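S.K.: File work20.cif below, mmCIF, C-alpha atoms and all ligand atoms:
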data_work
#
loop_
_atom_site.group_PDB
_atom_site.id
_atom_site.type_symbol
_atom_site.label_atom_id
_atom_site.label_comp_id
_atom_site.auth_asym_id
_atom_site.auth_seq_id
_atom_site.Cartn_x
_atom_site.Cartn_y
_atom_site.Cartn_z
ATOM 1 C CA MET A 1 -193.543 -97.534 -24.031
ATOM 2 C CA GLU A 2 -195.585 -98.629 -27.064
ATOM 3 C CA ILE A 3 -196.729 -95.773 -29.298
ATOM 4 C CA ARG A 4 -198.736 -95.402 -32.521
ATOM 5 C CA VAL A 5 -197.329 -92.870 -34.988
ATOM 6 C CA PRO A 6 -199.577 -91.697 -37.844
ATOM 7 C CA ASP A 7 -198.437 -91.169 -41.436
ATOM 8 C CA ASP A 8 -199.859 -88.315 -43.513
ATOM 9 C CA GLY A 9 -203.059 -90.284 -44.192
ATOM 10 C CA GLY A 10 -203.720 -91.209 -40.551
ATOM 11 C CA ASP A 11 -202.512 -94.831 -40.859
ATOM 12 C CA GLU A 12 -200.356 -95.679 -37.873
ATOM 13 C CA LEU A 13 -197.070 -97.514 -37.274
ATOM 14 C CA THR A 14 -196.595 -99.259 -33.932
ATOM 15 C CA LEU A 15 -193.230 -98.371 -32.394
ATOM 16 C CA ILE A 16 -191.671 -97.960 -28.976
ATOM 17 C CA SER A 17 -190.533 -94.716 -27.423
ATOM 18 C CA PHE A 18 -187.474 -94.821 -25.192
ATOM 19 C CA ASN A 19 -185.508 -91.840 -23.817
ATOM 20 C CA GLY A 20 -187.226 -89.518 -26.284
ATOM 21 C CA ARG A 21 -186.281 -91.611 -29.334
ATOM 22 C CA LYS A 22 -188.372 -94.035 -31.402
ATOM 23 C CA TYR A 23 -187.400 -97.627 -32.162
ATOM 24 C CA PRO A 24 -189.080 -100.687 -33.678
ATOM 25 C CA MET A 25 -190.994 -102.965 -31.302
ATOM 26 C CA PHE A 26 -187.846 -104.445 -29.722
ATOM 27 C CA PRO A 27 -187.777 -105.690 -26.122
ATOM 28 C CA ALA A 28 -186.930 -102.558 -24.104
ATOM 29 C CA THR A 29 -184.425 -104.423 -21.915
ATOM 30 C CA ALA A 30 -181.722 -104.394 -24.605
ATOM 31 C CA LEU A 31 -181.996 -100.606 -24.923
ATOM 32 C CA GLU A 32 -182.101 -100.086 -21.157
ATOM 33 C CA THR A 33 -178.926 -102.076 -20.519
ATOM 34 C CA LEU A 34 -177.001 -100.992 -23.610
ATOM 35 C CA PRO A 35 -175.030 -98.113 -22.016
ATOM 36 C CA SER A 36 -173.325 -100.539 -19.620
ATOM 37 C CA VAL A 37 -172.566 -103.291 -22.149
ATOM 38 C CA GLU A 38 -168.942 -104.452 -21.946
ATOM 39 C CA MET A 39 -166.997 -103.852 -25.123
ATOM 40 C CA ARG A 40 -163.727 -105.438 -26.257
ATOM 41 C CA SER A 41 -161.002 -103.537 -28.078
ATOM 42 C CA ASP A 42 -161.081 -106.098 -30.901
ATOM 43 C CA ASP A 43 -164.856 -105.819 -31.429
ATOM 44 C CA ILE A 44 -166.023 -104.764 -34.885
ATOM 45 C CA LEU A 45 -169.189 -102.694 -35.052
ATOM 46 C CA VAL A 46 -171.228 -102.264 -38.234
ATOM 47 C CA CYS A 47 -173.177 -99.008 -37.864
ATOM 48 C CA ALA A 48 -175.748 -97.882 -40.428
ATOM 49 C CA PHE A 49 -179.074 -96.129 -40.732
ATOM 50 C CA PRO A 50 -181.714 -98.840 -41.393
ATOM 51 C CA LYS A 51 -181.921 -100.105 -44.983
ATOM 52 C CA SER A 52 -178.428 -98.909 -45.917
ATOM 53 C CA GLY A 53 -176.873 -102.345 -46.506
ATOM 54 C CA THR A 54 -176.208 -103.519 -42.939
ATOM 55 C CA HIS A 55 -176.937 -107.180 -43.700
ATOM 56 C CA TRP A 56 -174.573 -107.130 -46.677
ATOM 57 C CA ILE A 57 -171.609 -105.549 -44.859
ATOM 58 C CA TRP A 58 -172.187 -107.611 -41.712
ATOM 59 C CA GLU A 59 -172.164 -110.876 -43.661
ATOM 60 C CA MET A 60 -169.045 -110.021 -45.665
ATOM 61 C CA THR A 61 -167.231 -108.859 -42.524
ATOM 62 C CA ARG A 62 -168.270 -111.999 -40.627
ATOM 63 C CA LEU A 63 -166.822 -114.184 -43.395
ATOM 64 C CA LEU A 64 -163.658 -112.095 -43.775
ATOM 65 C CA VAL A 65 -163.007 -112.474 -40.064
ATOM 66 C CA ALA A 66 -163.813 -116.216 -40.088
ATOM 67 C CA GLY A 67 -161.458 -116.757 -43.031
ATOM 68 C CA LYS A 68 -163.782 -119.334 -44.557
ATOM 69 C CA LEU A 69 -167.126 -119.344 -46.320
ATOM 70 C CA ASP A 70 -170.277 -120.975 -44.992
ATOM 71 C CA ARG A 71 -173.890 -121.158 -46.052
ATOM 72 C CA ASP A 72 -175.296 -120.671 -42.556
ATOM 73 C CA ASP A 73 -178.710 -119.034 -42.474
ATOM 74 C CA ILE A 74 -177.756 -116.824 -39.545
ATOM 75 C CA SER A 75 -178.971 -113.265 -39.473
ATOM 76 C CA LYS A 76 -177.279 -110.083 -38.355
ATOM 77 C CA GLY A 77 -180.122 -109.960 -35.797
ATOM 78 C CA THR A 78 -178.080 -112.438 -33.741
ATOM 79 C CA ALA A 79 -175.526 -109.664 -33.173
ATOM 80 C CA MET A 80 -177.728 -106.547 -33.188
ATOM 81 C CA MET A 81 -177.052 -104.614 -30.033
ATOM 82 C CA GLU A 82 -180.379 -102.807 -29.547
ATOM 83 C CA PHE A 83 -182.401 -105.936 -30.410
ATOM 84 C CA ILE A 84 -180.951 -108.665 -28.203
ATOM 85 C CA ASN A 85 -179.626 -108.734 -24.667
ATOM 86 C CA GLU A 86 -175.898 -108.689 -23.954
ATOM 87 C CA ASP A 87 -176.141 -112.281 -22.637
ATOM 88 C CA GLU A 88 -176.745 -113.437 -26.207
ATOM 89 C CA TYR A 89 -173.502 -112.004 -27.614
ATOM 90 C CA LYS A 90 -171.196 -111.587 -24.628
ATOM 91 C CA ASP A 91 -169.554 -114.994 -25.053
ATOM 92 C CA LEU A 92 -169.054 -114.863 -28.812
ATOM 93 C CA PRO A 93 -165.412 -115.502 -29.725
ATOM 94 C CA SER A 94 -163.225 -112.505 -30.592
ATOM 95 C CA PRO A 95 -163.362 -110.603 -32.773
ATOM 96 C CA ARG A 96 -167.110 -110.194 -32.427
ATOM 97 C CA VAL A 97 -168.863 -108.614 -35.420
ATOM 98 C CA LEU A 98 -171.752 -106.654 -33.904
ATOM 99 C CA ASN A 99 -174.174 -104.277 -35.592
ATOM 100 C CA THR A 100 -176.528 -101.449 -34.774
ATOM 101 C CA HIS A 101 -178.618 -98.617 -36.226
ATOM 102 C CA LEU A 102 -178.034 -96.462 -33.156
ATOM 103 C CA LEU A 103 -176.332 -93.090 -33.037
ATOM 104 C CA PHE A 104 -172.753 -92.982 -31.755
ATOM 105 C CA ARG A 105 -173.868 -91.379 -28.477
ATOM 106 C CA GLU A 106 -176.335 -94.240 -27.871
ATOM 107 C CA LEU A 107 -173.607 -96.900 -28.043
ATOM 108 C CA PRO A 108 -172.170 -98.480 -24.873
ATOM 109 C CA LYS A 109 -170.079 -96.077 -22.774
ATOM 110 C CA GLN A 110 -167.077 -98.365 -23.142
ATOM 111 C CA VAL A 111 -166.895 -97.709 -26.900
ATOM 112 C CA LYS A 112 -164.904 -94.510 -26.207
ATOM 113 C CA GLU A 113 -162.471 -96.331 -23.956
ATOM 114 C CA LYS A 114 -162.045 -99.674 -25.789
ATOM 115 C CA LYS A 115 -162.131 -98.141 -29.280
ATOM 116 C CA PRO A 116 -163.592 -101.038 -31.282
ATOM 117 C CA ARG A 117 -163.290 -100.616 -35.044
ATOM 118 C CA ILE A 118 -166.428 -99.170 -36.628
ATOM 119 C CA LEU A 119 -167.631 -99.825 -40.172
ATOM 120 C CA TYR A 120 -170.033 -96.985 -40.832
ATOM 121 C CA VAL A 121 -172.325 -97.478 -43.858
ATOM 122 C CA THR A 122 -174.326 -94.890 -45.801
ATOM 123 C CA ARG A 123 -176.840 -95.119 -48.664
ATOM 124 C CA ASN A 124 -178.744 -92.513 -50.659
ATOM 125 C CA PRO A 125 -181.868 -91.452 -48.743
ATOM 126 C CA LYS A 126 -184.342 -91.958 -51.573
ATOM 127 C CA ASP A 127 -183.556 -95.667 -51.934
ATOM 128 C CA VAL A 128 -183.396 -95.947 -48.124
ATOM 129 C CA THR A 129 -186.952 -94.583 -47.879
ATOM 130 C CA VAL A 130 -188.287 -96.968 -50.548
ATOM 131 C CA SER A 131 -186.556 -99.908 -48.883
ATOM 132 C CA PHE A 132 -187.882 -98.891 -45.474
ATOM 133 C CA TYR A 133 -191.477 -98.573 -46.735
ATOM 134 C CA ASN A 134 -191.383 -102.042 -48.289
ATOM 135 C CA PHE A 135 -189.827 -103.494 -45.133
ATOM 136 C CA VAL A 136 -192.509 -101.975 -42.889
ATOM 137 C CA LYS A 137 -195.280 -103.268 -45.150
ATOM 138 C CA LYS A 138 -193.856 -106.792 -45.055
ATOM 139 C CA LEU A 139 -193.961 -106.912 -41.249
ATOM 140 C CA PRO A 140 -197.628 -106.272 -40.380
ATOM 141 C CA MET A 141 -197.377 -108.268 -37.148
ATOM 142 C CA PHE A 142 -194.585 -105.965 -36.027
ATOM 143 C CA TYR A 143 -195.382 -102.470 -37.338
ATOM 144 C CA LYS A 144 -199.152 -103.063 -37.746
ATOM 145 C CA TYR A 145 -199.070 -100.604 -40.645
ATOM 146 C CA SER A 146 -201.302 -100.638 -43.686
ATOM 147 C CA GLY A 147 -200.648 -97.170 -45.104
ATOM 148 C CA GLU A 148 -199.717 -96.065 -48.605
ATOM 149 C CA TRP A 149 -196.436 -94.849 -50.083
ATOM 150 C CA LYS A 150 -197.891 -91.403 -50.828
ATOM 151 C CA ASN A 151 -198.477 -90.871 -47.106
ATOM 152 C CA PHE A 152 -195.251 -92.483 -45.905
ATOM 153 C CA VAL A 153 -192.499 -90.469 -47.660
ATOM 154 C CA ARG A 154 -192.839 -87.143 -45.859
ATOM 155 C CA PRO A 155 -193.073 -88.390 -42.248
ATOM 156 C CA SER A 156 -190.338 -90.905 -42.915
ATOM 157 C CA LEU A 157 -187.851 -88.346 -44.244
ATOM 158 C CA GLU A 158 -188.911 -85.868 -41.576
ATOM 159 C CA GLY A 159 -187.822 -88.440 -39.001
ATOM 160 C CA ARG A 160 -191.155 -89.259 -37.414
ATOM 161 C CA PHE A 161 -190.674 -93.042 -37.525
ATOM 162 C CA ASP A 162 -188.225 -95.466 -35.899
ATOM 163 C CA TYR A 163 -184.601 -94.317 -35.548
ATOM 164 C CA GLY A 164 -185.679 -90.775 -36.413
ATOM 165 C CA SER A 165 -184.323 -88.700 -39.262
ATOM 166 C CA TRP A 166 -181.866 -90.002 -41.866
ATOM 167 C CA PHE A 167 -180.522 -86.415 -42.084
ATOM 168 C CA ASP A 168 -179.851 -86.188 -38.352
ATOM 169 C CA TYR A 169 -178.223 -89.612 -38.407
ATOM 170 C CA VAL A 170 -175.703 -88.920 -41.184
ATOM 171 C CA LYS A 171 -174.940 -85.401 -39.917
ATOM 172 C CA ASP A 172 -174.318 -86.741 -36.442
ATOM 173 C CA TRP A 173 -171.825 -89.316 -37.741
ATOM 174 C CA GLU A 174 -170.030 -86.617 -39.759
ATOM 175 C CA GLU A 175 -169.543 -84.632 -36.523
ATOM 176 C CA VAL A 176 -168.448 -87.753 -34.618
ATOM 177 C CA LYS A 177 -165.816 -88.544 -37.263
ATOM 178 C CA LYS A 178 -164.286 -85.076 -36.768
ATOM 179 C CA THR A 179 -163.867 -85.477 -33.040
ATOM 180 C CA THR A 180 -163.507 -89.116 -31.988
ATOM 181 C CA ASP A 181 -160.357 -91.219 -31.873
ATOM 182 C CA VAL A 182 -162.427 -94.405 -32.259
ATOM 183 C CA PRO A 183 -161.355 -95.806 -35.665
ATOM 184 C CA ILE A 184 -164.130 -95.471 -38.257
ATOM 185 C CA LEU A 185 -164.154 -96.649 -41.872
ATOM 186 C CA THR A 186 -166.924 -95.057 -43.920
ATOM 187 C CA LEU A 187 -168.491 -97.246 -46.590
ATOM 188 C CA ASN A 188 -171.239 -96.447 -49.032
ATOM 189 C CA TYR A 189 -173.870 -98.686 -50.614
ATOM 190 C CA GLU A 190 -173.523 -97.112 -54.068
ATOM 191 C CA ASP A 191 -169.723 -97.540 -53.970
ATOM 192 C CA MET A 192 -170.210 -101.189 -53.010
ATOM 193 C CA LYS A 193 -172.577 -101.708 -55.916
ATOM 194 C CA GLU A 194 -170.083 -100.040 -58.248
ATOM 195 C CA ASP A 195 -167.098 -102.151 -57.176
ATOM 196 C CA VAL A 196 -167.605 -104.440 -54.212
ATOM 197 C CA PHE A 197 -164.127 -105.996 -54.490
ATOM 198 C CA ARG A 198 -162.479 -102.560 -54.168
ATOM 199 C CA GLU A 199 -164.605 -101.719 -51.112
ATOM 200 C CA VAL A 200 -164.155 -105.055 -49.329
ATOM 201 C CA LYS A 201 -160.397 -104.774 -49.729
ATOM 202 C CA LYS A 202 -160.741 -101.491 -47.797
ATOM 203 C CA ILE A 203 -162.546 -103.388 -45.029
ATOM 204 C CA ARG A 204 -159.846 -106.068 -44.973
ATOM 205 C CA ASP A 205 -157.068 -103.466 -44.733
ATOM 206 C CA PHE A 206 -158.902 -101.448 -42.062
ATOM 207 C CA LEU A 207 -159.440 -104.567 -39.955
ATOM 208 C CA GLY A 208 -155.922 -105.814 -40.567
ATOM 209 C CA THR A 209 -157.176 -109.306 -41.389
ATOM 210 C CA ASP A 210 -154.606 -111.233 -43.309
ATOM 211 C CA ARG A 211 -156.812 -112.414 -46.191
ATOM 212 C CA SER A 212 -155.697 -112.833 -49.795
ATOM 213 C CA ASP A 213 -157.260 -110.927 -52.684
ATOM 214 C CA GLU A 214 -158.571 -114.297 -53.908
ATOM 215 C CA PHE A 215 -160.410 -114.875 -50.657
ATOM 216 C CA VAL A 216 -161.808 -111.328 -50.677
ATOM 217 C CA LYS A 217 -163.128 -111.993 -54.177
ATOM 218 C CA GLU A 218 -164.727 -115.250 -53.008
ATOM 219 C CA VAL A 219 -166.435 -113.388 -50.149
ATOM 220 C CA CYS A 220 -167.783 -110.762 -52.575
ATOM 221 C CA ASP A 221 -169.196 -113.415 -54.913
ATOM 222 C CA HIS A 222 -170.589 -115.471 -52.045
ATOM 223 C CA CYS A 223 -172.402 -112.355 -50.735
ATOM 224 C CA SER A 224 -173.865 -111.145 -54.020
ATOM 225 C CA PHE A 225 -177.518 -110.154 -53.707
ATOM 226 C CA GLY A 226 -178.756 -113.342 -55.436
ATOM 227 C CA SER A 227 -176.561 -115.586 -53.349
ATOM 228 C CA MET A 228 -177.548 -114.010 -50.029
ATOM 229 C CA LYS A 229 -181.244 -114.078 -50.970
ATOM 230 C CA ASP A 230 -180.825 -117.785 -51.595
ATOM 231 C CA ILE A 231 -178.795 -118.598 -48.465
ATOM 232 C CA LYS A 232 -180.724 -116.426 -46.001
ATOM 233 C CA ALA A 233 -184.015 -118.251 -46.527
ATOM 234 C CA ASN A 234 -185.554 -117.087 -43.231
ATOM 235 C CA PHE A 235 -185.387 -113.416 -44.201
ATOM 236 C CA SER A 236 -185.257 -113.751 -47.946
ATOM 237 C CA GLU A 237 -188.559 -112.068 -48.729
ATOM 238 C CA ILE A 238 -188.313 -109.417 -46.029
ATOM 239 C CA VAL A 239 -184.752 -108.111 -46.338
ATOM 240 C CA TYR A 240 -183.529 -109.130 -49.814
ATOM 241 C CA ARG A 241 -185.958 -107.161 -51.921
ATOM 242 C CA LYS A 242 -184.174 -105.680 -54.984
ATOM 243 C CA GLY A 243 -180.665 -104.711 -53.961
ATOM 244 C CA GLU A 244 -180.380 -101.979 -56.589
ATOM 245 C CA ILE A 245 -179.505 -98.326 -56.924
ATOM 246 C CA GLY A 246 -182.264 -96.112 -58.284
ATOM 247 C CA ASP A 247 -185.432 -98.082 -57.505
ATOM 248 C CA TRP A 248 -186.668 -94.797 -56.013
ATOM 249 C CA LYS A 249 -187.514 -93.720 -59.587
ATOM 250 C CA ASN A 250 -190.290 -96.323 -59.569
ATOM 251 C CA TRP A 251 -191.747 -94.821 -56.385
ATOM 252 C CA PHE A 252 -191.127 -91.077 -56.046
ATOM 253 C CA THR A 253 -193.568 -88.886 -57.971
ATOM 254 C CA VAL A 254 -192.258 -85.698 -59.591
ATOM 255 C CA ALA A 255 -193.810 -83.666 -56.750
ATOM 256 C CA GLN A 256 -192.266 -85.913 -54.072
ATOM 257 C CA ASN A 257 -188.906 -85.625 -55.782
ATOM 258 C CA GLU A 258 -189.086 -81.834 -55.894
ATOM 259 C CA TRP A 259 -190.101 -81.758 -52.248
ATOM 260 C CA PHE A 260 -187.196 -84.065 -51.410
ATOM 261 C CA ASP A 261 -184.652 -81.891 -53.264
ATOM 262 C CA LYS A 262 -185.736 -78.822 -51.269
ATOM 263 C CA LEU A 263 -185.635 -80.744 -48.004
ATOM 264 C CA TYR A 264 -182.169 -82.082 -48.797
ATOM 265 C CA GLU A 265 -180.881 -78.601 -49.615
ATOM 266 C CA GLU A 266 -182.288 -77.172 -46.412
ATOM 267 C CA LYS A 267 -181.202 -80.010 -44.071
ATOM 268 C CA MET A 268 -177.749 -80.512 -45.594
ATOM 269 C CA LYS A 269 -176.785 -76.874 -46.211
ATOM 270 C CA ASP A 270 -173.897 -77.043 -43.732
ATOM 271 C CA CYS A 271 -172.912 -80.606 -44.584
ATOM 272 C CA PRO A 272 -170.786 -81.340 -47.679
ATOM 273 C CA LEU A 273 -171.995 -84.959 -48.048
ATOM 274 C CA THR A 274 -173.260 -85.916 -51.497
ATOM 275 C CA PHE A 275 -174.894 -89.135 -52.670
ATOM 276 C CA ARG A 276 -175.285 -90.896 -55.981
ATOM 277 C CA TYR A 277 -178.872 -91.715 -56.918
ATOM 278 C CA THR A 278 -178.075 -93.682 -60.061
ATOM 279 C CA LEU A 279 -175.035 -95.517 -61.353
ATOM 280 C CA LYS A 280 -173.859 -94.335 -64.759
HETATM 281 S S1 LIG B 301 -181.924 -103.446 -42.097
HETATM 282 O O1 LIG B 301 -183.048 -104.425 -41.949
HETATM 283 O O2 LIG B 301 -182.343 -102.093 -41.734
HETATM 284 O O3 LIG B 301 -180.716 -103.877 -41.387
HETATM 285 O O4 LIG B 301 -181.622 -103.447 -43.654
HETATM 286 P P1 LIG B 301 -180.203 -103.294 -44.361
HETATM 287 O O5 LIG B 301 -179.521 -104.589 -44.389
HETATM 288 O O6 LIG B 301 -179.471 -102.115 -43.791
HETATM 289 O O7 LIG B 301 -180.634 -102.872 -45.852
HETATM 290 C C1 LIG B 301 -181.478 -103.695 -46.627
HETATM 291 C C2 LIG B 301 -181.239 -103.303 -48.079
HETATM 292 O O8 LIG B 301 -179.964 -103.813 -48.502
HETATM 293 C C3 LIG B 301 -180.156 -104.649 -49.640
HETATM 294 N N1 LIG B 301 -179.172 -105.755 -49.648
HETATM 295 C C4 LIG B 301 -178.257 -105.907 -50.619
HETATM 296 N N2 LIG B 301 -177.956 -105.161 -51.687
HETATM 297 C C5 LIG B 301 -176.954 -105.631 -52.495
HETATM 298 N N3 LIG B 301 -176.279 -106.777 -52.275
HETATM 299 C C6 LIG B 301 -176.555 -107.543 -51.199
HETATM 300 N N4 LIG B 301 -175.894 -108.669 -50.989
HETATM 301 C C7 LIG B 301 -177.580 -107.111 -50.301
HETATM 302 N N5 LIG B 301 -178.100 -107.624 -49.172
HETATM 303 C C8 LIG B 301 -179.076 -106.774 -48.790
HETATM 304 C C9 LIG B 301 -181.573 -105.165 -49.458
HETATM 305 O O9 LIG B 301 -182.058 -105.717 -50.654
HETATM 306 C C10 LIG B 301 -182.276 -103.896 -49.013
HETATM 307 O O10 LIG B 301 -182.444 -102.958 -50.072
HETATM 308 P P2 LIG B 301 -183.725 -102.915 -51.038
HETATM 309 O O11 LIG B 301 -183.566 -101.650 -51.826
HETATM 310 O O12 LIG B 301 -184.938 -102.910 -50.185
HETATM 311 O O13 LIG B 301 -183.630 -104.118 -51.911
#
Any chance you could put this one into structure tokens?
Ligand code: PPS

M.R.:
Amino acid sequence: MEIRVPDDGGDELTLISFNGRKYPMFPATALETLPSVEMRSDDILVCAFPKSGTHWIWEMTRLLVAGKLDRDDISKGTAMMEFINEDEYKDLPSPRVLNTHLLFRELPKQVKEKKPRILYVTRNPKDVTVSFYNFVKKLPMFYKYSGEWKNFVRPSLEGRFDYGSWFDYVKDWEEVKKTTDVPILTLNYEDMKEDVFREVKKIRDFLGTDRSDEFVKEVCDHCSFGSMKDIKANFSEIVYRKGEIGDWKNWFTVAQNEWFDKLYEEKMKDCPLTFRYTLK
């Protein structure tokens, strides 16, 4: 069902509501059929809250698995489980590299049985919120939103928009990691920015792909922000915005920052997760 969700100034985002959760304006059929999607045990699933670096990790994983570089302008949207129907990815050769912003419990039922490997990606919530605002503003035909940053921050971090609350998302994954036997490698955007080679070697080892350090290095260079912005011409302006840590400082006012710190303390009081908001 299509819904309009107001920000703090009354400007509305157009979203869909499905099973009590909000999503972007995707065709509802993908969400309806998702629970019964057939999984394979060698599937690889990139899971991340929106704007956490999904495109980056998906592309590097796709190339690691392929074992060769290409300059194809294909998007992670071609393997995004809540966006496209199973028909569009069911015949992809193994191992399939799929991706989603869904919660673990929203994934296909067969995930628990087939145990695909999951690459779970996090990013600091201030930069996520800035990235999300800019993304929404660049897609007026989709979100139909013309609001201002000052009215976007609070409802966004309170979880009123698509995919709900960043806090609920990361806390849910922390609980899942304690209980599931599905293999999960946690990655972090700030760690990737600090040393992408170190982090991609972790992905290679987790996936058990037999790729040399030299090839891993080539993948990292090939998927630098500038290179991906250049190669992915179709989404260049929409997805590849700045690719930095700490742009939030150009957006959050002192008052918004103080409000955020209190919210973080309250929401994360029982969760030991910490994030880096700048790189020293
Ligand atoms: S989406 O649309 O929700 O799947 O977006 P997602 O890919 O998760 O996140 C988009 C942000 O990731 C940045 N990005 C990168 N950073 C560094 N290096 C590379 N190669 C890279 N590719 C994408 C992208 O610029 C978005 O962040 P912002 O802060 O908006 O620039």

S.K.: At a cut-off of 7 Å and counting only C-alpha atoms and all ligand atoms, what residues surround ligand LIG 301 (chain B)? Please answer as a VMD selection string.

M.R.: chain A and resid 48 to 56 127 to 128 130 to 132 134 193 223 to 225 228 239 to 244 247

S.K.: Do you know which residues are at most 8 Å from Leu98 in chain A counting all atoms listed in the file, after dropping those on the same chain fewer than 2 positions away, and could you put them as a tab-separated table (two decimals) with C-alpha atoms, in the frame of the given file?

M.R.:
chain	number	residue	atom	x	y	z
A	43	ASP	CA	-164.86	-105.82	-31.43
A	44	ILE	CA	-166.02	-104.76	-34.88
A	45	LEU	CA	-169.19	-102.69	-35.05
A	46	VAL	CA	-171.23	-102.26	-38.23
A	58	TRP	CA	-172.19	-107.61	-41.71
A	76	LYS	CA	-177.28	-110.08	-38.35
A	79	ALA	CA	-175.53	-109.66	-33.17
A	80	MET	CA	-177.73	-106.55	-33.19
A	81	MET	CA	-177.05	-104.61	-30.03
A	96	ARG	CA	-167.11	-110.19	-32.43
A	100	THR	CA	-176.53	-101.45	-34.77

S.K.: So what does the PyMOL selection byres (((chain A and resi 201) around 12) and not hetatm) actually pick up in this one, as a ChimeraX atom specification?

M.R.: /A:60-61,64,185,187,192,195-200,202-220

S.K.: Just C-alpha atoms for this one: save the residues we selected as a compact mmCIF listing (two decimals), in the coordinates of the input.

M.R.:
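In the end it all went to result_19.txt:
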# COMPACT_ATOMS: atom_id res chain seq x y z
CA MET A 60 -169.04 -110.02 -45.66
CA THR A 61 -167.23 -108.86 -42.52
CA LEU A 64 -163.66 -112.10 -43.78
CA LEU A 185 -164.15 -96.65 -41.87
CA LEU A 187 -168.49 -97.25 -46.59
CA MET A 192 -170.21 -101.19 -53.01
CA ASP A 195 -167.10 -102.15 -57.18
CA VAL A 196 -167.60 -104.44 -54.21
CA PHE A 197 -164.13 -106.00 -54.49
CA ARG A 198 -162.48 -102.56 -54.17
CA GLU A 199 -164.60 -101.72 -51.11
CA VAL A 200 -164.16 -105.06 -49.33
CA LYS A 202 -160.74 -101.49 -47.80
CA ILE A 203 -162.55 -103.39 -45.03
CA ARG A 204 -159.85 -106.07 -44.97
CA ASP A 205 -157.07 -103.47 -44.73
CA PHE A 206 -158.90 -101.45 -42.06
CA LEU A 207 -159.44 -104.57 -39.96
CA GLY A 208 -155.92 -105.81 -40.57
CA THR A 209 -157.18 -109.31 -41.39
CA ASP A 210 -154.61 -111.23 -43.31
CA ARG A 211 -156.81 -112.41 -46.19
CA SER A 212 -155.70 -112.83 -49.80
CA ASP A 213 -157.26 -110.93 -52.68
CA GLU A 214 -158.57 -114.30 -53.91
CA PHE A 215 -160.41 -114.88 -50.66
CA VAL A 216 -161.81 -111.33 -50.68
CA LYS A 217 -163.13 -111.99 -54.18
CA GLU A 218 -164.73 -115.25 -53.01
CA VAL A 219 -166.44 -113.39 -50.15
CA CYS A 220 -167.78 -110.76 -52.58

S.K.: List as a list of chain:residue names the protein and nucleic acid residues near range 256-264 of chain A, meaning an atom at most 9 Å away when only C-alpha atoms are counted, but skip any in the same chain fewer than 6 places from it.

M.R.: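 So, after excluding close chain neighbours, the residues are A:Lys126, A:Lys150, A:Val153, A:Arg154, A:Leu157, A:Glu158, A:Phe167.
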
S.K.: Can you list, as a ChimeraX atom specification, the residues that the PyMOL selection byres (((chain A and resi 156) around 10) and not hetatm) selects here?

M.R.: /A:7-8,129-130,132-133,151-155,157-166

S.K.: Write the selection just made, keeping C-alpha atoms, as an mmCIF file, keeping the file's coordinate frame?

M.R.:
data_model
loop_
_atom_site.group_PDB
_atom_site.id
_atom_site.type_symbol
_atom_site.label_atom_id
_atom_site.label_comp_id
_atom_site.auth_asym_id
_atom_site.auth_seq_id
_atom_site.Cartn_x
_atom_site.Cartn_y
_atom_site.Cartn_z
ATOM 1 C CA ASP A 7 -198.437 -91.169 -41.436
ATOM 2 C CA ASP A 8 -199.859 -88.315 -43.513
ATOM 3 C CA THR A 129 -186.952 -94.583 -47.879
ATOM 4 C CA VAL A 130 -188.287 -96.968 -50.548
ATOM 5 C CA PHE A 132 -187.882 -98.891 -45.474
ATOM 6 C CA TYR A 133 -191.477 -98.573 -46.735
ATOM 7 C CA ASN A 151 -198.477 -90.871 -47.106
ATOM 8 C CA PHE A 152 -195.251 -92.483 -45.905
ATOM 9 C CA VAL A 153 -192.499 -90.469 -47.660
ATOM 10 C CA ARG A 154 -192.839 -87.143 -45.859
ATOM 11 C CA PRO A 155 -193.073 -88.390 -42.248
ATOM 12 C CA LEU A 157 -187.851 -88.346 -44.244
ATOM 13 C CA GLU A 158 -188.911 -85.868 -41.576
ATOM 14 C CA GLY A 159 -187.822 -88.440 -39.001
ATOM 15 C CA ARG A 160 -191.155 -89.259 -37.414
ATOM 16 C CA PHE A 161 -190.674 -93.042 -37.525
ATOM 17 C CA ASP A 162 -188.225 -95.466 -35.899
ATOM 18 C CA TYR A 163 -184.601 -94.317 -35.548
ATOM 19 C CA GLY A 164 -185.679 -90.775 -36.413
ATOM 20 C CA SER A 165 -184.323 -88.700 -39.262
ATOM 21 C CA TRP A 166 -181.866 -90.002 -41.866
#

S.K.: Enter the distance from CA of Arg4 in chain A to CA of Glu88 in chain A, in Å, rounded to one decimal.

M.R.: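 Between CA of Arg4 in chain A and CA of Glu88 in chain A the gap works out to 29.1 Å.
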
S.K.: Could you check which of A:Ala233, A:Leu279, A:Tyr145, A:Met1 is closest to Thr29 in chain A, using all atoms listed in the file?

M.R.: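 Closest to Thr29 in chain A, using all atoms listed in the file: A:Met1.
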
S.K.: With a distance cut-off of 7 Å and all atoms listed in the file, select the neighbouring residues of Met39 in chain A, excluding the residue or stretch itself and same-chain residues fewer than 2 positions from it, and output the selection as JSON, numbers by chain.

M.R.: {"A": [37, 41, 43, 110, 111, 114]}
